[in-house]
Amino acid sequence: MLDLSQYQSIGAALKDALEEFAGEVCLIEADREREKERLTYRDFRERALPLAKALQETGLAAGDRASIIMTNQSKWLISAYAVFHAGGVLVPLDYKLTPDEHWQLLNHSGARVLITEYPIWRQLSVAAGRSIATNLLTVLVTEAPADADLSGARRWEEFRGSGEPTFVARQRQDTACIVYSSGTGGHPKGCTMTHENYLEQCVALTSLYPFWPGVRYLSILPTNHAIDFMVGFFGPFTCGATVVHLRTLRPEYVREAFPKYKITYVSLVPLVLKNLQKGLQARFDGLPPGKRRVFQALVAINKALTKSQPRLGISRRLLKQVHEAFGGELRAIIVGGAFTEPQTLQFFYDLGIPVANGYGLTEAGTAITVNDLKPFRADTVGKPLPGMKIRLANPDADGIGEVSVRSKTVMAGYLSDPELTSETIVDGWLMTGDLGRFDSSGHLQLFGRKKNMIVTEEGKNIYPEDIESVFESLPVKEFCVFAANYIWPKRSMVGEQLVLVLHFEPGQRYEEELRRQISERNNQLLNYKRIHGVVLVDEDFPRTASLKIKRNALAERLAQLDRATAILPL
Amino acid sequence: MRTLEQTTQEILDLASKHFNVPAGSLAPDDDFFMKLGIDSLQTLEMLSRLENHFGIELPDYEVQGVSNFRTLASRIQSRL
């Protein structure tokens, strides 16, 4: 691994990595059963430098922003490196957002370059939102068919400058990326991440979960996500490891990839991990009774032998078939983006497959705590990473307080939002809005949120305020969206739901026509952003002098209702 | 060559069979997440079944943001 303490920027570290590990394989890209591409670090460099040169020829200079909206593939990483080489700031966006949300964030970030895939551009280019992003000067599109209408974009494959591009040095405190942790609908939260944030996070994470040449990381979480950017790009690249991309994430191809590419690490969101658990459990339950008893005995032996720490060699021999289905070389499944239920973590650990769960948020530079497996503790989110100071603000009688963090990995602030930044970073401490407590062995346990928000099992942060626009002009006196756990705290990180609070006009009732209208509007939202039920109130919402809803006061009032009967299903 | 209506009907039939929903209970404008009670992963599984049935390859991205059978049918139709 490179000694990252010697580097000032992501670009400088990657530049050296491409030379240091020139002959190693850095990327494998597969599409269904076909391997499309296998690149060495030398090949990667040869593709990235002409792109960096061409970007410089369009005027991209130090600090200029360039956005990537792509699925996980080799061109994502090649493009990102080209931007860093040219001194640019990367704006990685979630390809799963709607076209108008993309345009909103492209506008907010001030991106002057967009690099995307043809199917995405086909939808983006005709969206109404295009007119707002006047800052965007260059659009590069990958894999466009020969006869495609590019609508003003240029082909990525042909966008190559000749001659050596200038490497533009950046300093540790300069902005490396603007990462949108959540919030579209008028409240974009663009985390301004510095080069130092990434360099320090990489050192801390690889001290627990190391990479080296020969390690193969299966990249499934979207690379715009802070976790995959770190463990599916910057981390493995600075260690000479290999990243495997799949162009389709259908479960059957993901399953095949493990044995085919002998995967060492993979990152998943809790939803996918649970799905994997369900599939495995169904297979175990389907074993003939005799075999099932033998299998259960082997699991029990493995459990006893790995009580204090993982012992991969023993587990792989004891539970050979399970491990071979995962390729036989899997060292850990990294799970992130949302809270994972302890029984899921335990299920995999008992099979000898450690799950590196943790806790983090983009604002903190991804991970704050990680399970160090010494010993494995399914009921916690692990211990603070090296360099991470955590304190619990305003603890209650049970010692549960708001997790606040101080570290070199904490973002510089929210882009163009000094007010939100000063509310979130107080005296150098990042206030996470999550409630936690340390146990006697120093492991962090989480007990719900202080903020009005939810995190889905797919790792999506949803702020209720952001989805209210879809219910605008609903024929009621007033309405508001809340996270149910914000109104009725549950001391839990799972089963989070959104509710629509309605206050009717005098004499109005909750009738079928209104229910239908709400359902219809709800269905316009992406499925993970939808509300779960409605709550009816018969008093005016408390409001400020400027008529904004006082959400805290309203939540306190709603908390007097019984949750079980107050939420009416849609 | 199938018509869009035929393609839509075949998708409805396959979905009802795959997710054990009574035949005839699904309509083209139904939201499949709601109606079938499925998540995004199960949608990908459904997509694989549809690819096999129609003999096409559909990139995952093509179903991004699609939530009703009619739109899904038009995406498939354009590749037949």
# chains A, B, ... in the order shown; residues from 1 in each chain; ligands from 1
call {"tool": "interface_residues", "arguments": {"of": "chain A", "to": "chain B", "cutoff": "10 Å", "atoms": "only C-alpha atoms", "output": "JSON, numbers by chain"}}
result
{"A": [31, 32, 70, 71, 95, 96, 97, 98, 99, 117, 119, 120, 247, 248, 249, 250, 251, 252, 271, 272, 275, 458, 520, 523, 524, 525, 526, 527, 528]}
call {"tool": "select_by_dssp", "arguments": {"residues": "region 6-80 of chain B", "states": "helix (DSSP H, G or I)", "output": "VMD selection string"}}
result
chain B and resid 6 to 18 32 to 36 40 to 54 60 to 63 69 to 77
call {"tool": "select_by_dssp", "arguments": {"residues": "region 131-331 of chain A", "states": "strand (DSSP E)", "output": "count of residues only"}}
result
34
call {"tool": "residues_around", "arguments": {"residues": "region 39-53 of chain A", "least_positions_apart": "4", "cutoff": "8 Å", "atoms": "only C-alpha atoms", "output": "PyMOL selection string"}}
result
chain A and resi 17-19+21-28+57+78-79+81-83+85-86+159-166
call {"tool": "write_last_selection", "arguments": {"atoms": "C-alpha atoms", "output": "mmCIF file, in the first residue's frame"}}
result
data_model
loop_
_atom_site.group_PDB
_atom_site.id
_atom_site.type_symbol
_atom_site.label_atom_id
_atom_site.label_comp_id
_atom_site.auth_asym_id
_atom_site.auth_seq_id
_atom_site.Cartn_x
_atom_site.Cartn_y
_atom_site.Cartn_z
ATOM 1 C CA ALA A 17 -0.487 3.949 -7.699
ATOM 2 C CA LEU A 18 -0.950 3.689 -11.478
ATOM 3 C CA GLU A 19 2.830 3.587 -11.873
ATOM 4 C CA PHE A 21 1.230 -1.280 -9.679
ATOM 5 C CA ALA A 22 1.429 -0.892 -13.484
ATOM 6 C CA GLY A 23 1.427 -4.627 -14.221
ATOM 7 C CA GLU A 24 -1.354 -5.607 -11.797
ATOM 8 C CA VAL A 25 -4.969 -5.969 -12.881
ATOM 9 C CA CYS A 26 -7.013 -3.057 -11.567
ATOM 10 C CA LEU A 27 -10.395 -3.583 -13.228
ATOM 11 C CA ILE A 28 -12.490 -6.462 -14.494
ATOM 12 C CA GLU A 57 -8.376 21.475 -23.534
ATOM 13 C CA ILE A 78 -11.263 6.191 -15.465
ATOM 14 C CA SER A 79 -13.285 9.403 -15.736
ATOM 15 C CA TYR A 81 -9.181 9.792 -12.192
ATOM 16 C CA ALA A 82 -9.002 12.032 -15.273
ATOM 17 C CA VAL A 83 -10.898 14.740 -13.360
ATOM 18 C CA HIS A 85 -5.478 14.480 -12.633
ATOM 19 C CA ALA A 86 -6.708 17.755 -14.101
ATOM 20 C CA PHE A 159 -12.967 12.523 -26.456
ATOM 21 C CA ARG A 160 -9.186 12.207 -26.285
ATOM 22 C CA GLY A 161 -6.505 14.852 -26.272
ATOM 23 C CA SER A 162 -3.033 14.184 -27.581
ATOM 24 C CA GLY A 163 0.102 14.704 -25.576
ATOM 25 C CA GLU A 164 0.705 14.496 -21.865
ATOM 26 C CA PRO A 165 -1.873 16.296 -19.686
ATOM 27 C CA THR A 166 -0.556 18.563 -16.943
#
call {"tool": "residues_around", "arguments": {"residues": "region 348-356 of chain A", "least_positions_apart": "4", "cutoff": "10 Å", "atoms": "only C-alpha atoms", "output": "PDB file with N, CA and C atoms, in the first residue's frame"}}
result
ATOM      1  N   LEU A 208      -7.953  -1.870   9.239  1.00  0.00           N
ATOM      2  CA  LEU A 208      -8.797  -2.969   9.723  1.00  0.00           C
ATOM      3  C   LEU A 208      -9.096  -3.988   8.622  1.00  0.00           C
ATOM      4  N   TYR A 209      -9.352  -3.498   7.432  1.00  0.00           N
ATOM      5  CA  TYR A 209      -9.687  -4.379   6.313  1.00  0.00           C
ATOM      6  C   TYR A 209      -8.719  -4.082   5.165  1.00  0.00           C
ATOM      7  N   TYR A 265     -13.658  -9.283  -1.100  1.00  0.00           N
ATOM      8  CA  TYR A 265     -14.558  -8.417  -0.338  1.00  0.00           C
ATOM      9  C   TYR A 265     -15.710  -7.990  -1.240  1.00  0.00           C
ATOM     10  N   VAL A 266     -16.830  -7.716  -0.605  1.00  0.00           N
ATOM     11  CA  VAL A 266     -17.941  -7.118  -1.338  1.00  0.00           C
ATOM     12  C   VAL A 266     -18.648  -6.181  -0.361  1.00  0.00           C
ATOM     13  N   SER A 267     -19.226  -5.111  -0.854  1.00  0.00           N
ATOM     14  CA  SER A 267     -20.040  -4.232   0.002  1.00  0.00           C
ATOM     15  C   SER A 267     -21.491  -4.359  -0.425  1.00  0.00           C
ATOM     16  N   LEU A 268     -22.362  -4.447   0.547  1.00  0.00           N
ATOM     17  CA  LEU A 268     -23.785  -4.573   0.243  1.00  0.00           C
ATOM     18  C   LEU A 268     -24.583  -3.648   1.141  1.00  0.00           C
ATOM     19  N   LEU A 273     -28.217  -7.898   1.703  1.00  0.00           N
ATOM     20  CA  LEU A 273     -27.685  -8.891   2.639  1.00  0.00           C
ATOM     21  C   LEU A 273     -28.818  -9.769   3.181  1.00  0.00           C
ATOM     22  N   LEU A 276     -29.917 -12.201   0.616  1.00  0.00           N
ATOM     23  CA  LEU A 276     -28.949 -13.293   0.534  1.00  0.00           C
ATOM     24  C   LEU A 276     -29.199 -14.292   1.665  1.00  0.00           C
ATOM     25  N   GLN A 277     -29.460 -13.756   2.842  1.00  0.00           N
ATOM     26  CA  GLN A 277     -29.732 -14.603   4.010  1.00  0.00           C
ATOM     27  C   GLN A 277     -30.979 -15.468   3.745  1.00  0.00           C
ATOM     28  N   LEU A 280     -30.170 -18.282   1.326  1.00  0.00           N
ATOM     29  CA  LEU A 280     -29.361 -19.344   1.940  1.00  0.00           C
ATOM     30  C   LEU A 280     -30.206 -20.153   2.917  1.00  0.00           C
ATOM     31  N   LEU A 298     -22.198 -28.808  12.169  1.00  0.00           N
ATOM     32  CA  LEU A 298     -20.976 -28.130  11.688  1.00  0.00           C
ATOM     33  C   LEU A 298     -21.028 -26.628  11.998  1.00  0.00           C
ATOM     34  N   VAL A 299     -22.223 -26.046  11.835  1.00  0.00           N
ATOM     35  CA  VAL A 299     -22.383 -24.618  12.151  1.00  0.00           C
ATOM     36  C   VAL A 299     -22.118 -24.390  13.640  1.00  0.00           C
ATOM     37  N   ALA A 300     -22.621 -25.312  14.465  1.00  0.00           N
ATOM     38  CA  ALA A 300     -22.417 -25.169  15.912  1.00  0.00           C
ATOM     39  C   ALA A 300     -20.925 -25.253  16.260  1.00  0.00           C
ATOM     40  N   ILE A 301     -20.210 -26.166  15.606  1.00  0.00           N
ATOM     41  CA  ILE A 301     -18.764 -26.289  15.872  1.00  0.00           C
ATOM     42  C   ILE A 301     -18.058 -24.995  15.432  1.00  0.00           C
ATOM     43  N   ASN A 302     -18.434 -24.515  14.240  1.00  0.00           N
ATOM     44  CA  ASN A 302     -17.822 -23.283  13.730  1.00  0.00           C
ATOM     45  C   ASN A 302     -18.053 -22.109  14.682  1.00  0.00           C
ATOM     46  N   LYS A 303     -19.279 -22.061  15.193  1.00  0.00           N
ATOM     47  CA  LYS A 303     -19.648 -20.993  16.122  1.00  0.00           C
ATOM     48  C   LYS A 303     -18.742 -21.027  17.361  1.00  0.00           C
ATOM     49  N   ALA A 304     -18.555 -22.241  17.874  1.00  0.00           N
ATOM     50  CA  ALA A 304     -17.736 -22.381  19.085  1.00  0.00           C
ATOM     51  C   ALA A 304     -16.279 -21.996  18.811  1.00  0.00           C
ATOM     52  N   LEU A 305     -15.796 -22.374  17.633  1.00  0.00           N
ATOM     53  CA  LEU A 305     -14.376 -22.120  17.324  1.00  0.00           C
ATOM     54  C   LEU A 305     -14.082 -20.666  16.940  1.00  0.00           C
ATOM     55  N   THR A 306     -15.119 -19.935  16.576  1.00  0.00           N
ATOM     56  CA  THR A 306     -14.881 -18.546  16.129  1.00  0.00           C
ATOM     57  C   THR A 306     -15.458 -17.534  17.125  1.00  0.00           C
ATOM     58  N   LYS A 307     -15.675 -17.996  18.336  1.00  0.00           N
ATOM     59  CA  LYS A 307     -16.302 -17.139  19.334  1.00  0.00           C
ATOM     60  C   LYS A 307     -15.493 -15.863  19.598  1.00  0.00           C
ATOM     61  N   GLN A 309     -12.722 -14.768  17.742  1.00  0.00           N
ATOM     62  CA  GLN A 309     -12.271 -14.091  16.517  1.00  0.00           C
ATOM     63  C   GLN A 309     -12.552 -14.971  15.300  1.00  0.00           C
ATOM     64  N   PRO A 310     -12.660 -14.366  14.098  1.00  0.00           N
ATOM     65  CA  PRO A 310     -12.899 -15.185  12.909  1.00  0.00           C
ATOM     66  C   PRO A 310     -11.691 -16.088  12.636  1.00  0.00           C
ATOM     67  N   ARG A 311     -11.932 -17.292  12.177  1.00  0.00           N
ATOM     68  CA  ARG A 311     -10.843 -18.190  11.765  1.00  0.00           C
ATOM     69  C   ARG A 311     -11.230 -18.734  10.402  1.00  0.00           C
ATOM     70  N   LEU A 312     -10.845 -17.964   9.394  1.00  0.00           N
ATOM     71  CA  LEU A 312     -11.325 -18.240   8.042  1.00  0.00           C
ATOM     72  C   LEU A 312     -10.953 -19.634   7.560  1.00  0.00           C
ATOM     73  N   GLY A 313      -9.703 -20.052   7.849  1.00  0.00           N
ATOM     74  CA  GLY A 313      -9.229 -21.360   7.378  1.00  0.00           C
ATOM     75  C   GLY A 313     -10.108 -22.477   7.908  1.00  0.00           C
ATOM     76  N   ILE A 314     -10.413 -22.421   9.190  1.00  0.00           N
ATOM     77  CA  ILE A 314     -11.232 -23.463   9.814  1.00  0.00           C
ATOM     78  C   ILE A 314     -12.649 -23.421   9.248  1.00  0.00           C
ATOM     79  N   SER A 315     -13.223 -22.228   9.181  1.00  0.00           N
ATOM     80  CA  SER A 315     -14.600 -22.103   8.684  1.00  0.00           C
ATOM     81  C   SER A 315     -14.714 -22.605   7.244  1.00  0.00           C
ATOM     82  N   ARG A 316     -13.711 -22.309   6.444  1.00  0.00           N
ATOM     83  CA  ARG A 316     -13.766 -22.724   5.035  1.00  0.00           C
ATOM     84  C   ARG A 316     -13.711 -24.248   4.910  1.00  0.00           C
ATOM     85  N   LEU A 318     -14.694 -26.421   7.437  1.00  0.00           N
ATOM     86  CA  LEU A 318     -15.891 -26.989   8.076  1.00  0.00           C
ATOM     87  C   LEU A 318     -17.136 -26.843   7.203  1.00  0.00           C
ATOM     88  N   LEU A 319     -17.297 -25.658   6.643  1.00  0.00           N
ATOM     89  CA  LEU A 319     -18.515 -25.367   5.872  1.00  0.00           C
ATOM     90  C   LEU A 319     -18.134 -25.118   4.411  1.00  0.00           C
ATOM     91  N   VAL A 322     -20.710 -24.009   1.567  1.00  0.00           N
ATOM     92  CA  VAL A 322     -21.185 -22.628   1.683  1.00  0.00           C
ATOM     93  C   VAL A 322     -20.100 -21.677   1.183  1.00  0.00           C
ATOM     94  N   HIS A 323     -18.872 -21.905   1.637  1.00  0.00           N
ATOM     95  CA  HIS A 323     -17.780 -20.999   1.259  1.00  0.00           C
ATOM     96  C   HIS A 323     -17.442 -21.101  -0.221  1.00  0.00           C
ATOM     97  N   PHE A 326     -19.432 -18.950  -2.376  1.00  0.00           N
ATOM     98  CA  PHE A 326     -18.964 -17.559  -2.369  1.00  0.00           C
ATOM     99  C   PHE A 326     -17.558 -17.444  -2.977  1.00  0.00           C
ATOM    100  N   LEU A 330     -13.667 -15.397   0.046  1.00  0.00           N
ATOM    101  CA  LEU A 330     -14.308 -14.219   0.639  1.00  0.00           C
ATOM    102  C   LEU A 330     -13.812 -14.029   2.077  1.00  0.00           C
ATOM    103  N   ARG A 331     -13.299 -12.846   2.367  1.00  0.00           N
ATOM    104  CA  ARG A 331     -12.793 -12.564   3.724  1.00  0.00           C
ATOM    105  C   ARG A 331     -13.824 -11.831   4.564  1.00  0.00           C
ATOM    106  N   ALA A 332     -14.624 -10.990   3.941  1.00  0.00           N
ATOM    107  CA  ALA A 332     -15.651 -10.266   4.694  1.00  0.00           C
ATOM    108  C   ALA A 332     -16.652  -9.638   3.729  1.00  0.00           C
ATOM    109  N   ILE A 333     -17.878  -9.530   4.209  1.00  0.00           N
ATOM    110  CA  ILE A 333     -18.884  -8.746   3.491  1.00  0.00           C
ATOM    111  C   ILE A 333     -18.978  -7.423   4.239  1.00  0.00           C
ATOM    112  N   ILE A 334     -18.763  -6.348   3.521  1.00  0.00           N
ATOM    113  CA  ILE A 334     -18.877  -5.032   4.145  1.00  0.00           C
ATOM    114  C   ILE A 334     -20.329  -4.582   3.947  1.00  0.00           C
ATOM    115  N   VAL A 335     -20.991  -4.209   5.027  1.00  0.00           N
ATOM    116  CA  VAL A 335     -22.375  -3.790   4.867  1.00  0.00           C
ATOM    117  C   VAL A 335     -22.501  -2.351   5.344  1.00  0.00           C
ATOM    118  N   GLY A 336     -23.201  -1.555   4.585  1.00  0.00           N
ATOM    119  CA  GLY A 336     -23.295  -0.147   4.971  1.00  0.00           C
ATOM    120  C   GLY A 336     -24.461   0.542   4.318  1.00  0.00           C
ATOM    121  N   GLN A 343     -29.610 -10.104  13.858  1.00  0.00           N
ATOM    122  CA  GLN A 343     -29.723 -11.537  13.514  1.00  0.00           C
ATOM    123  C   GLN A 343     -29.169 -11.842  12.133  1.00  0.00           C
ATOM    124  N   THR A 344     -29.212 -10.844  11.234  1.00  0.00           N
ATOM    125  CA  THR A 344     -28.633 -11.052   9.895  1.00  0.00           C
ATOM    126  C   THR A 344     -27.107 -11.133  10.013  1.00  0.00           C
ATOM    127  N   VAL A 370     -16.580   0.802  13.091  1.00  0.00           N
ATOM    128  CA  VAL A 370     -16.604  -0.445  12.328  1.00  0.00           C
ATOM    129  C   VAL A 370     -16.378  -1.585  13.313  1.00  0.00           C
ATOM    130  N   ASN A 371     -17.070  -2.683  13.068  1.00  0.00           N
ATOM    131  CA  ASN A 371     -16.883  -3.861  13.896  1.00  0.00           C
ATOM    132  C   ASN A 371     -15.491  -4.427  13.619  1.00  0.00           C
ATOM    133  N   ASP A 372     -14.667  -4.480  14.650  1.00  0.00           N
ATOM    134  CA  ASP A 372     -13.297  -4.959  14.409  1.00  0.00           C
ATOM    135  C   ASP A 372     -13.190  -6.483  14.564  1.00  0.00           C
ATOM    136  N   LEU A 373     -14.288  -7.143  14.872  1.00  0.00           N
ATOM    137  CA  LEU A 373     -14.347  -8.611  14.947  1.00  0.00           C
ATOM    138  C   LEU A 373     -13.473  -9.191  16.054  1.00  0.00           C
ATOM    139  N   PHE A 376     -16.543 -10.431  17.569  1.00  0.00           N
ATOM    140  CA  PHE A 376     -17.680  -9.963  16.780  1.00  0.00           C
ATOM    141  C   PHE A 376     -18.858  -9.679  17.706  1.00  0.00           C
ATOM    142  N   ARG A 377     -19.473  -8.530  17.516  1.00  0.00           N
ATOM    143  CA  ARG A 377     -20.607  -8.162  18.359  1.00  0.00           C
ATOM    144  C   ARG A 377     -21.766  -7.722  17.473  1.00  0.00           C
ATOM    145  N   ALA A 378     -22.704  -8.629  17.247  1.00  0.00           N
ATOM    146  CA  ALA A 378     -23.800  -8.338  16.313  1.00  0.00           C
ATOM    147  C   ALA A 378     -24.741  -7.244  16.817  1.00  0.00           C
ATOM    148  N   VAL A 381     -22.621  -1.460  16.576  1.00  0.00           N
ATOM    149  CA  VAL A 381     -22.082  -1.051  15.263  1.00  0.00           C
ATOM    150  C   VAL A 381     -20.565  -0.915  15.335  1.00  0.00           C
ATOM    151  N   GLY A 382     -19.961  -1.514  16.357  1.00  0.00           N
ATOM    152  CA  GLY A 382     -18.505  -1.571  16.430  1.00  0.00           C
ATOM    153  C   GLY A 382     -17.877  -0.428  17.209  1.00  0.00           C
TER     154      GLY A 382
END
call {"tool": "residues_around", "arguments": {"residues": "Leu26 (chain B)", "least_positions_apart": "2", "cutoff": "12 Å", "atoms": "only C-alpha atoms", "output": "ChimeraX atom specification"}}
result
/B:8-17,19-24,28-36,68-70
call {"tool": "write_last_selection", "arguments": {"atoms": "C-alpha atoms", "output": "tab-separated table (two decimals), in the first residue's frame"}}
result
chain	number	residue	atom	x	y	z
B	8	THR	CA	-48.32	-5.98	-21.79
B	9	GLN	CA	-50.63	-8.93	-21.31
B	10	GLU	CA	-47.75	-11.40	-21.39
B	11	ILE	CA	-45.94	-9.36	-18.73
B	12	LEU	CA	-49.06	-9.34	-16.54
B	13	ASP	CA	-49.43	-13.11	-16.94
B	14	LEU	CA	-45.79	-13.76	-16.10
B	15	ALA	CA	-45.85	-11.45	-13.08
B	16	SER	CA	-49.01	-13.03	-11.68
B	17	LYS	CA	-47.49	-16.49	-12.11
B	19	PHE	CA	-45.40	-13.76	-7.65
B	20	ASN	CA	-48.45	-16.00	-7.06
B	21	VAL	CA	-51.06	-13.32	-7.66
B	22	PRO	CA	-54.45	-14.44	-9.08
B	23	ALA	CA	-54.48	-14.23	-12.88
B	24	GLY	CA	-56.55	-11.28	-14.00
B	28	PRO	CA	-51.43	-2.37	-17.06
B	29	ASP	CA	-51.41	0.82	-15.01
B	30	ASP	CA	-50.87	-0.95	-11.68
B	31	ASP	CA	-47.81	0.02	-9.73
B	32	PHE	CA	-45.95	-3.28	-9.49
B	33	PHE	CA	-44.10	-2.38	-6.27
B	34	MET	CA	-47.42	-1.78	-4.52
B	35	LYS	CA	-49.53	-4.42	-6.20
B	36	LEU	CA	-47.02	-7.24	-5.88
B	68	ASN	CA	-46.04	0.32	-13.77
B	69	PHE	CA	-46.52	-2.56	-16.19
B	70	ARG	CA	-47.47	-0.38	-19.13
call {"tool": "residues_around", "arguments": {"residues": "Pro210 (chain A)", "least_positions_apart": "5", "cutoff": "12 Å", "atoms": "only C-alpha atoms", "output": "list of chain:residue names"}}
result
A:Met1, A:Cys202, A:Val203, A:Ala204, A:Leu205, A:Val215, A:Arg216, A:Tyr217, A:Val231, A:Gly235, A:Pro236, A:Phe237, A:Thr238, A:Cys239, A:Gly240, A:Ala241, A:Thr264, A:Tyr265, A:Arg331, A:Ala332
call {"tool": "write_last_selection", "arguments": {"atoms": "N, CA and C atoms", "output": "PDB file, in the first residue's frame"}}
result
ATOM      1  N   MET A   1       0.839  -1.204   0.000  1.00  0.00           N
ATOM      2  CA  MET A   1       0.000   0.000   0.000  1.00  0.00           C
ATOM      3  C   MET A   1       0.875   1.256   0.000  1.00  0.00           C
ATOM      4  N   CYS A 202      -9.123   6.464   4.301  1.00  0.00           N
ATOM      5  CA  CYS A 202      -8.532   5.290   3.651  1.00  0.00           C
ATOM      6  C   CYS A 202      -7.510   4.620   4.574  1.00  0.00           C
ATOM      7  N   VAL A 203      -6.693   5.413   5.228  1.00  0.00           N
ATOM      8  CA  VAL A 203      -5.699   4.865   6.152  1.00  0.00           C
ATOM      9  C   VAL A 203      -6.406   4.114   7.280  1.00  0.00           C
ATOM     10  N   ALA A 204      -7.457   4.734   7.840  1.00  0.00           N
ATOM     11  CA  ALA A 204      -8.163   4.122   8.973  1.00  0.00           C
ATOM     12  C   ALA A 204      -8.844   2.811   8.566  1.00  0.00           C
ATOM     13  N   LEU A 205      -9.534   2.826   7.432  1.00  0.00           N
ATOM     14  CA  LEU A 205     -10.280   1.629   7.025  1.00  0.00           C
ATOM     15  C   LEU A 205      -9.364   0.476   6.641  1.00  0.00           C
ATOM     16  N   VAL A 215      -6.125  -9.030  -4.198  1.00  0.00           N
ATOM     17  CA  VAL A 215      -7.446  -8.913  -3.581  1.00  0.00           C
ATOM     18  C   VAL A 215      -8.439  -8.489  -4.657  1.00  0.00           C
ATOM     19  N   ARG A 216      -9.625  -9.118  -4.627  1.00  0.00           N
ATOM     20  CA  ARG A 216     -10.647  -8.736  -5.616  1.00  0.00           C
ATOM     21  C   ARG A 216     -11.897  -8.252  -4.909  1.00  0.00           C
ATOM     22  N   TYR A 217     -12.225  -7.013  -5.189  1.00  0.00           N
ATOM     23  CA  TYR A 217     -13.388  -6.381  -4.568  1.00  0.00           C
ATOM     24  C   TYR A 217     -14.526  -6.338  -5.579  1.00  0.00           C
ATOM     25  N   VAL A 231     -14.097   1.960  -0.767  1.00  0.00           N
ATOM     26  CA  VAL A 231     -13.631   0.566  -0.802  1.00  0.00           C
ATOM     27  C   VAL A 231     -13.727  -0.062  -2.188  1.00  0.00           C
ATOM     28  N   GLY A 235      -9.523   2.997  -2.054  1.00  0.00           N
ATOM     29  CA  GLY A 235      -8.833   2.022  -1.191  1.00  0.00           C
ATOM     30  C   GLY A 235      -8.091   0.966  -1.990  1.00  0.00           C
ATOM     31  N   PRO A 236      -8.798   0.181  -2.815  1.00  0.00           N
ATOM     32  CA  PRO A 236      -8.101  -0.863  -3.562  1.00  0.00           C
ATOM     33  C   PRO A 236      -7.033  -0.325  -4.514  1.00  0.00           C
ATOM     34  N   PHE A 237      -7.284   0.843  -5.127  1.00  0.00           N
ATOM     35  CA  PHE A 237      -6.312   1.363  -6.093  1.00  0.00           C
ATOM     36  C   PHE A 237      -4.998   1.761  -5.417  1.00  0.00           C
ATOM     37  N   THR A 238      -5.083   2.306  -4.205  1.00  0.00           N
ATOM     38  CA  THR A 238      -3.826   2.715  -3.570  1.00  0.00           C
ATOM     39  C   THR A 238      -3.091   1.507  -2.980  1.00  0.00           C
ATOM     40  N   CYS A 239      -3.695   0.320  -3.107  1.00  0.00           N
ATOM     41  CA  CYS A 239      -3.057  -0.911  -2.624  1.00  0.00           C
ATOM     42  C   CYS A 239      -2.760  -1.887  -3.759  1.00  0.00           C
ATOM     43  N   GLY A 240      -3.081  -1.531  -4.983  1.00  0.00           N
ATOM     44  CA  GLY A 240      -2.791  -2.416  -6.119  1.00  0.00           C
ATOM     45  C   GLY A 240      -3.771  -3.575  -6.258  1.00  0.00           C
ATOM     46  N   ALA A 241      -4.948  -3.453  -5.681  1.00  0.00           N
ATOM     47  CA  ALA A 241      -5.931  -4.544  -5.742  1.00  0.00           C
ATOM     48  C   ALA A 241      -6.808  -4.423  -6.995  1.00  0.00           C
ATOM     49  N   THR A 264     -12.820 -11.340  -2.858  1.00  0.00           N
ATOM     50  CA  THR A 264     -12.270 -11.239  -1.499  1.00  0.00           C
ATOM     51  C   THR A 264     -13.195 -10.419  -0.593  1.00  0.00           C
ATOM     52  N   TYR A 265     -13.658  -9.283  -1.100  1.00  0.00           N
ATOM     53  CA  TYR A 265     -14.558  -8.417  -0.338  1.00  0.00           C
ATOM     54  C   TYR A 265     -15.710  -7.990  -1.240  1.00  0.00           C
ATOM     55  N   ARG A 331     -13.299 -12.846   2.367  1.00  0.00           N
ATOM     56  CA  ARG A 331     -12.793 -12.564   3.724  1.00  0.00           C
ATOM     57  C   ARG A 331     -13.824 -11.831   4.564  1.00  0.00           C
ATOM     58  N   ALA A 332     -14.624 -10.990   3.941  1.00  0.00           N
ATOM     59  CA  ALA A 332     -15.651 -10.266   4.694  1.00  0.00           C
ATOM     60  C   ALA A 332     -16.652  -9.638   3.729  1.00  0.00           C
TER      61      ALA A 332
END
call {"tool": "atom_distance", "arguments": {"atom1": "CA of Ser181 (chain A)", "atom2": "CA of Thr362 (chain A)"}}
result
6.0 Å
call {"tool": "atom_distance", "arguments": {"atom1": "CA of Thr138 (chain A)", "atom2": "CA of Val179 (chain A)"}}
result
20.2 Å
call {"tool": "residues_around", "arguments": {"residues": "Lys383 (chain A)", "least_positions_apart": "2", "cutoff": "9 Å", "atoms": "only C-alpha atoms", "output": "PyMOL selection string"}}
result
chain A and resi 358+368-372+380-381+385+438+441-444
call {"tool": "write_last_selection", "arguments": {"atoms": "C-alpha atoms", "output": "JSON list (two decimals), in the first residue's frame"}}
result
[["chain", "number", "residue", "atom", "x", "y", "z"],
["A", 358, "GLY", "CA", -20.39, -0.22, 11.05],
["A", 368, "ILE", "CA", -17.34, 6.39, 12.06],
["A", 369, "THR", "CA", -17.34, 2.99, 13.73],
["A", 370, "VAL", "CA", -16.60, -0.45, 12.33],
["A", 371, "ASN", "CA", -16.88, -3.86, 13.90],
["A", 372, "ASP", "CA", -13.30, -4.96, 14.41],
["A", 380, "THR", "CA", -23.46, -3.07, 18.16],
["A", 381, "VAL", "CA", -22.08, -1.05, 15.26],
["A", 385, "LEU", "CA", -12.18, 3.92, 13.69],
["A", 438, "PHE", "CA", -21.25, 3.02, 24.42],
["A", 441, "SER", "CA", -16.33, -2.69, 26.08],
["A", 442, "GLY", "CA", -16.39, 0.52, 24.04],
["A", 443, "HIS", "CA", -18.78, -0.68, 21.32],
["A", 444, "LEU", "CA", -21.35, 1.81, 20.08]]
